[in-house]
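Remarks on the structure that follows.
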Amino acid sequence: MLSATGPLVVIGLWVLVVSVAYAAPKLKTYRPIDADAPAGFVRQIKVLADKAPDTSSREAIVRSVTRGCKTNDEKAIAIYNFFRLMCYHHAYPGEPGGIAALKLFNVYGWSLCGGQHSALSSLWVTAGWKHRFVGWKGHTTVEAFYDDQWHYFDTFLKFYCWKKDPNAPGGRTVARQADIANNPDLINKGMVYDKGRRVWYARDDRFQIIDGKANWTAPAFLVCGDSAPGVISGCKGRRPGRDNRSWMGIKHAEDGYNTNVNLGVGYSLELMWKPIKGAHWFRGRKRVPYHSCGDKDYRNCPAIGPVLEPYRYLHPRGSRTYANGRLIFAPDMSNDAFLTALAAKDNVKLANGALTPADPSKPASITVYFQAPYIFTRAKGSAEGVESAEISTDGGKTFKAIDLANFDDAVGGKYACLVRLGFKKALRNLRIEIIVQHNRCALPYLSPGPNKVTVSVADPKALGNNRLVVTYAYALGSRSVSYEELCDMGAEVARCHKASWSDKPTVVQKAFTAADLPATIDIPVPTPKGKYPVYPRMLFLRREVIAPGSKPMPLPPDALPAKVGPNQELKTLPNPFLIGTQKPPKRVERPKVTKKIPMQSSHVVWRTKDGKTADQYGRTITSRPAPGAPGPG
């Protein structure tokens, strides 16, 4: 009895000890990064394009990119395609406390393998799936668990493959690493290397002409030069791990980060699809981030390539890199509406288009709040009559003096700050500009064909009598050859082959009152008749809140209105996130006719050394010429 009961007591005590040792830690409460926005701000100004992903939250990402998916494999591939668009491989970005996956998508857009797969797995968890990390020699991978089995997706190597499964929809499912290790023919026989394009395809799903049509949407794998034998070797040497929620500082938890765009009267946020030289933020400004493999990651990829090819010109090698925007406070001082947007004011009144001390015997000051879901990189300002300028990056607890003309180092790496300006006389022509860094791929880009853009705010009443102005600027483009012709040329699907974009911007600008919101904007992106569609080259998206009677920021010169002309059509391209979710097209077996054709003799037309043909000499040679005579040419 003693030997029987003894272990039970020990086990009971061990469980008790373990439960104490691994008791859930007390969770830290994080303040939202926009918690200090003044009461007069309009919160959560969202602009969403119906064909672009909604990157405002992980839930929104999964919901928007898996629209139209019927199976878990399709959802997983859509999430894989989304991640490929969001993130290229480069060294790990870093911030104190780590970087949330949602921040990686919206602010940075690059990471190495472990960080990429940590962010990818955060979307799987959001979709309701389990995940596990799997280690290789020199590589960190991850697998998703759905439909009662594991599945391997590698956004760093750009790889997944299929296996037969009679219980899965369509008789196939995405393989796990153990499947590849146990049956290397899933790759050896199931995939093929395209020497011309230097990428891998599924053997039955390649970029080729099938019954007169180019199968250009065939997914390309291992596009940056990694090898299929290397994948097999890695899978054989795999070491399964656990469901880590963080890797090398890239984590699932938002920890107070959100993507809210909040603006007060006099503020604007303009996000561009191009970089400003020297305005990057990667470990400070020490290194310029870019994809070291050039355009390899997208030039053969039918999912992300067409979306990205308009921006090849931004880097000498076509590499993806950072993008910038401008957060500006430049109030119209002919109207006092902007006073509600100030974080604080002391001894201030507005008179004759200027801020002045209410009591002329005492100094006056205003405090301006800046915050964005994008990291600050540089800053400058100007104002007539300013006596002093200070900044706080700790929510107003402490302030330090700055040079208003250039306070880059004071804001670099921050997401919010307060700028306090002191003055003794009239303060006029105030303008403060902070440059932010963001990931252009996370912006609500437009697509060829019809686009429906939704504009909303958290509480339309917060707009009051002011107006919200939304401005899109982009350049239309087209391709002069079809995908069939690209295939015959041996060309890539997304390297700007025979494609061009207009030098003149097309601009759509809409102003909304509180009663208008939420609202939709229909934006056509046409293609000239006889040409083939490409994605427009997006220039910028601007949001601004203006006082009644005030004018929005100026439009680009030579701006054209959005319309469909008489020689244009609304042609579209496939949903990029659903590329690879459907089975490849089947070859149509045409009836064969066998016919015997009798051989017949003919004649030879030959050319002499002086360039003349035999007919020009009035004769036809039907036999071999004599030795030394000119022969057939």
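Residue names in the structure tokens use chain letters A, B, ... in the order shown, residue numbers from 1 in each chain, and ligand numbers from 1 in the order shown.
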
key: Residue set, region 393-497 of chain A restricted to strand (DSSP E or B), as an NGL selection string   = :A and (400-401 or 416-423 or 427-438 or 449-456 or 467-475 or 477-479)

Tell me which protein, DNA and RNA residues are within 12 Å of Asp148 (chain A), counting only C-alpha atoms, leaving out same-chain ones fewer than 3 positions away, and put them as a PDB file with C-alpha atoms, in the first residue's frame.
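What follows is the written file out.pdb:
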ATOM      1  CA  ASN A  72      -8.243  26.443 -44.989  1.00  0.00           C
ATOM      2  CA  TRP A 129      -4.915  27.998 -35.941  1.00  0.00           C
ATOM      3  CA  LYS A 130      -2.079  26.588 -33.890  1.00  0.00           C
ATOM      4  CA  ALA A 144       0.469  25.941 -39.230  1.00  0.00           C
ATOM      5  CA  PHE A 145      -1.969  23.401 -37.832  1.00  0.00           C
ATOM      6  CA  HIS A 151       1.378  22.568 -43.064  1.00  0.00           C
ATOM      7  CA  ASN A 167      -9.751  13.639 -47.513  1.00  0.00           C
ATOM      8  CA  ALA A 168      -8.951  17.235 -48.499  1.00  0.00           C
ATOM      9  CA  THR A 173      -3.379  19.846 -49.297  1.00  0.00           C
ATOM     10  CA  ARG A 176       4.233  19.542 -43.881  1.00  0.00           C
TER      11      ARG A 176
END

task = Take CA of Asn183 (chain A) and CA of Ala303 (chain A) and report the distance between them in Å, one decimal.
result =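 Interatomic distance here is 27.9 Å.
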
task = Enumerate as a ChimeraX atom specification all residues of region 209-451 of chain A assigned to helix (DSSP H, G or I) by DSSP on the backbone, naming them with the chain letters and numbers the document uses.
result = /A:228-236,296-299,305-314,336-341,408-411,440-442

Keeping only N, CA and C atoms, write the selected residues to a file as a short mmCIF file (atom, residue, chain, number, x, y, z; two decimals), in the first residue's frame.
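Ended up saving to again-v8.cif:
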data_model
loop_
_atom_site.label_atom_id
_atom_site.label_comp_id
_atom_site.auth_asym_id
_atom_site.auth_seq_id
_atom_site.Cartn_x
_atom_site.Cartn_y
_atom_site.Cartn_z
N ALA A 228 15.73 23.83 -54.24
CA ALA A 228 14.81 22.81 -53.79
C ALA A 228 15.52 21.69 -53.03
N PRO A 229 16.70 21.23 -53.49
CA PRO A 229 17.42 20.24 -52.67
C PRO A 229 17.74 20.77 -51.27
N GLY A 230 17.98 22.06 -51.16
CA GLY A 230 18.23 22.65 -49.84
C GLY A 230 17.01 22.56 -48.94
N VAL A 231 15.82 22.70 -49.52
CA VAL A 231 14.59 22.54 -48.74
C VAL A 231 14.45 21.10 -48.25
N ILE A 232 14.72 20.16 -49.14
CA ILE A 232 14.64 18.75 -48.75
C ILE A 232 15.61 18.46 -47.62
N SER A 233 16.84 18.94 -47.75
CA SER A 233 17.85 18.73 -46.71
C SER A 233 17.42 19.36 -45.40
N GLY A 234 16.87 20.56 -45.47
CA GLY A 234 16.42 21.23 -44.25
C GLY A 234 15.30 20.48 -43.58
N CYS A 235 14.34 19.99 -44.37
CA CYS A 235 13.22 19.24 -43.80
C CYS A 235 13.70 17.95 -43.14
N LYS A 236 14.70 17.31 -43.73
CA LYS A 236 15.22 16.07 -43.13
C LYS A 236 15.95 16.35 -41.81
N LYS A 296 14.34 40.21 -57.32
CA LYS A 296 14.09 38.78 -57.47
C LYS A 296 12.82 38.32 -56.78
N ASP A 297 12.50 38.95 -55.65
CA ASP A 297 11.36 38.47 -54.86
C ASP A 297 10.02 38.69 -55.54
N TYR A 298 9.96 39.61 -56.50
CA TYR A 298 8.65 39.87 -57.10
C TYR A 298 8.60 39.83 -58.63
N ARG A 299 9.74 39.84 -59.31
CA ARG A 299 9.69 40.01 -60.76
C ARG A 299 9.05 38.82 -61.49
N GLY A 305 4.09 40.59 -57.72
CA GLY A 305 4.84 41.31 -58.75
C GLY A 305 4.09 42.44 -59.42
N PRO A 306 2.87 42.19 -59.94
CA PRO A 306 2.15 43.28 -60.60
C PRO A 306 1.89 44.48 -59.69
N VAL A 307 1.68 44.22 -58.38
CA VAL A 307 1.45 45.32 -57.44
C VAL A 307 2.72 46.15 -57.25
N LEU A 308 3.89 45.48 -57.31
CA LEU A 308 5.15 46.14 -56.97
C LEU A 308 5.91 46.70 -58.16
N GLU A 309 5.68 46.22 -59.35
CA GLU A 309 6.53 46.64 -60.47
C GLU A 309 6.46 48.13 -60.79
N PRO A 310 5.38 48.86 -60.48
CA PRO A 310 5.41 50.31 -60.76
C PRO A 310 6.49 51.06 -60.00
N TYR A 311 7.08 50.44 -58.96
CA TYR A 311 8.03 51.15 -58.09
C TYR A 311 9.47 50.66 -58.28
N ARG A 312 9.74 49.92 -59.35
CA ARG A 312 11.10 49.44 -59.62
C ARG A 312 12.07 50.61 -59.77
N TYR A 313 11.57 51.73 -60.27
CA TYR A 313 12.43 52.88 -60.54
C TYR A 313 12.99 53.52 -59.28
N LEU A 314 12.46 53.19 -58.13
CA LEU A 314 12.87 53.84 -56.89
C LEU A 314 14.24 53.39 -56.39
N ASP A 336 -10.61 80.31 -35.71
CA ASP A 336 -10.14 79.82 -34.42
C ASP A 336 -10.42 78.34 -34.19
N ALA A 337 -10.90 77.63 -35.23
CA ALA A 337 -11.26 76.22 -35.05
C ALA A 337 -10.06 75.39 -34.64
N PHE A 338 -8.86 75.77 -35.07
CA PHE A 338 -7.67 74.95 -34.77
C PHE A 338 -7.31 74.98 -33.29
N LEU A 339 -7.84 75.94 -32.53
CA LEU A 339 -7.51 76.01 -31.11
C LEU A 339 -7.95 74.77 -30.35
N THR A 340 -9.02 74.11 -30.85
CA THR A 340 -9.50 72.89 -30.19
C THR A 340 -8.53 71.73 -30.35
N ALA A 341 -7.62 71.83 -31.33
CA ALA A 341 -6.67 70.75 -31.59
C ALA A 341 -5.39 70.88 -30.78
N ASP A 408 15.56 66.91 -35.79
CA ASP A 408 15.56 65.50 -36.20
C ASP A 408 15.89 64.55 -35.06
N ASP A 409 16.99 64.84 -34.36
CA ASP A 409 17.47 63.90 -33.35
C ASP A 409 16.54 63.80 -32.15
N ALA A 410 15.74 64.83 -31.93
CA ALA A 410 14.81 64.80 -30.79
C ALA A 410 13.61 63.91 -31.05
N VAL A 411 13.23 63.73 -32.34
CA VAL A 411 12.04 62.93 -32.64
C VAL A 411 12.36 61.56 -33.22
N ARG A 440 5.06 51.05 -47.75
CA ARG A 440 4.11 51.43 -48.80
C ARG A 440 3.12 50.31 -49.12
N CYS A 441 3.53 49.05 -48.94
CA CYS A 441 2.66 47.94 -49.31
C CYS A 441 1.44 47.81 -48.41
N ALA A 442 1.49 48.43 -47.24
CA ALA A 442 0.37 48.37 -46.31
C ALA A 442 -0.65 49.48 -46.55
#

Produce a table with one row for each residue of region 118-201 of chain A that has an atom at most 10 Å from any atom of region 96-106 of chain A, each row naming the nearest atom pair and its distance in Å at one decimal; use only C-alpha atoms; arrange rows by chain and rising residue number; format as a Markdown table.
| residue | atom | partner | partner_atom | distance |
| --- | --- | --- | --- | --- |
| A:Ser118 | CA | A:Ala101 | CA | 7.7 |
| A:Ala119 | CA | A:Ala101 | CA | 4.8 |
| A:Leu120 | CA | A:Ala101 | CA | 8.1 |
| A:Ser121 | CA | A:Ala101 | CA | 9.4 |
| A:Ser122 | CA | A:Ala101 | CA | 7.0 |
| A:Leu123 | CA | A:Ala101 | CA | 8.7 |

N, CA and C atoms of the current selection, written as a tab-separated table (two decimals), in the first residue's frame:
chain	number	residue	atom	x	y	z
A	118	SER	N	7.61	34.68	-37.18
A	118	SER	CA	6.88	35.06	-35.98
A	118	SER	C	5.67	35.92	-36.36
A	119	ALA	N	5.89	36.87	-37.28
A	119	ALA	CA	4.79	37.73	-37.72
A	119	ALA	C	3.76	36.92	-38.52
A	120	LEU	N	4.24	35.99	-39.37
A	120	LEU	CA	3.31	35.14	-40.12
A	120	LEU	C	2.45	34.32	-39.18
A	121	SER	N	3.07	33.74	-38.17
A	121	SER	CA	2.31	32.91	-37.23
A	121	SER	C	1.31	33.72	-36.44
A	122	SER	N	1.57	35.02	-36.26
A	122	SER	CA	0.60	35.86	-35.56
A	122	SER	C	-0.72	35.93	-36.33
A	123	LEU	N	-0.64	35.86	-37.66
A	123	LEU	CA	-1.86	35.86	-38.48
A	123	LEU	C	-2.55	34.51	-38.40

query = Expressed in Å to a single decimal, how great is the separation between CA of Val419 (chain A) and CA of Phe399 (chain A)?
reply =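 Separating CA of Val419 (chain A) from CA of Phe399 (chain A) is a distance of 8.6 Å.
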
Surrounding residues of Ala389 (chain A) excluding itself and chain neighbours under 3 positions, 8 Å, only C-alpha atoms, as a PDB file with N, CA and C atoms, in the first residue's frame:
ATOM      1  N   VAL A 386       8.194  83.409 -32.873  1.00  0.00           N
ATOM      2  CA  VAL A 386       8.442  82.419 -31.830  1.00  0.00           C
ATOM      3  C   VAL A 386       9.689  82.806 -31.036  1.00  0.00           C
ATOM      4  N   ALA A 401      14.805  72.036 -24.651  1.00  0.00           N
ATOM      5  CA  ALA A 401      14.877  73.023 -25.723  1.00  0.00           C
ATOM      6  C   ALA A 401      15.313  72.380 -27.031  1.00  0.00           C
ATOM      7  N   ILE A 402      14.766  72.876 -28.147  1.00  0.00           N
ATOM      8  CA  ILE A 402      15.137  72.399 -29.478  1.00  0.00           C
ATOM      9  C   ILE A 402      15.316  73.589 -30.406  1.00  0.00           C
ATOM     10  N   ASP A 403      15.993  73.348 -31.511  1.00  0.00           N
ATOM     11  CA  ASP A 403      16.051  74.299 -32.604  1.00  0.00           C
ATOM     12  C   ASP A 403      14.872  73.967 -33.514  1.00  0.00           C
ATOM     13  N   LEU A 404      13.881  74.847 -33.574  1.00  0.00           N
ATOM     14  CA  LEU A 404      12.672  74.547 -34.322  1.00  0.00           C
ATOM     15  C   LEU A 404      12.972  74.288 -35.798  1.00  0.00           C
ATOM     16  N   VAL A 419       5.256  69.553 -28.863  1.00  0.00           N
ATOM     17  CA  VAL A 419       6.125  70.689 -29.161  1.00  0.00           C
ATOM     18  C   VAL A 419       5.497  71.940 -28.547  1.00  0.00           C
ATOM     19  N   ARG A 420       6.242  72.579 -27.656  1.00  0.00           N
ATOM     20  CA  ARG A 420       5.736  73.783 -26.969  1.00  0.00           C
ATOM     21  C   ARG A 420       6.469  75.009 -27.504  1.00  0.00           C
ATOM     22  N   LEU A 421       5.693  75.986 -27.936  1.00  0.00           N
ATOM     23  CA  LEU A 421       6.236  77.221 -28.494  1.00  0.00           C
ATOM     24  C   LEU A 421       5.880  78.394 -27.590  1.00  0.00           C
ATOM     25  N   GLY A 422       6.888  79.175 -27.248  1.00  0.00           N
ATOM     26  CA  GLY A 422       6.665  80.368 -26.425  1.00  0.00           C
ATOM     27  C   GLY A 422       6.807  81.625 -27.268  1.00  0.00           C
TER      28      GLY A 422
END

request  = Find the distance between CA of Val142 (chain A) and CA of Gly114 (chain A) and write it in Å to one decimal.
outcome  =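 Distance between the two atoms: 8.6 Å.
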
task = Name the closest residue to Asp394 (chain A) among the candidates A:His315, A:Phe329, A:Leu560, A:Ile33; distances are taken between atoms, counting only C-alpha atoms.
result =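 Ranked by minimum distance to Asp394 (chain A), first place goes to A:Ile33.
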
ask   = Do you know which residues are at most 12 Å from Thr29 (chain A) counting only C-alpha atoms, after dropping those on the same chain fewer than 4 positions away, and could you put them as a VMD selection string?
value = chain A and resid 253 to 256
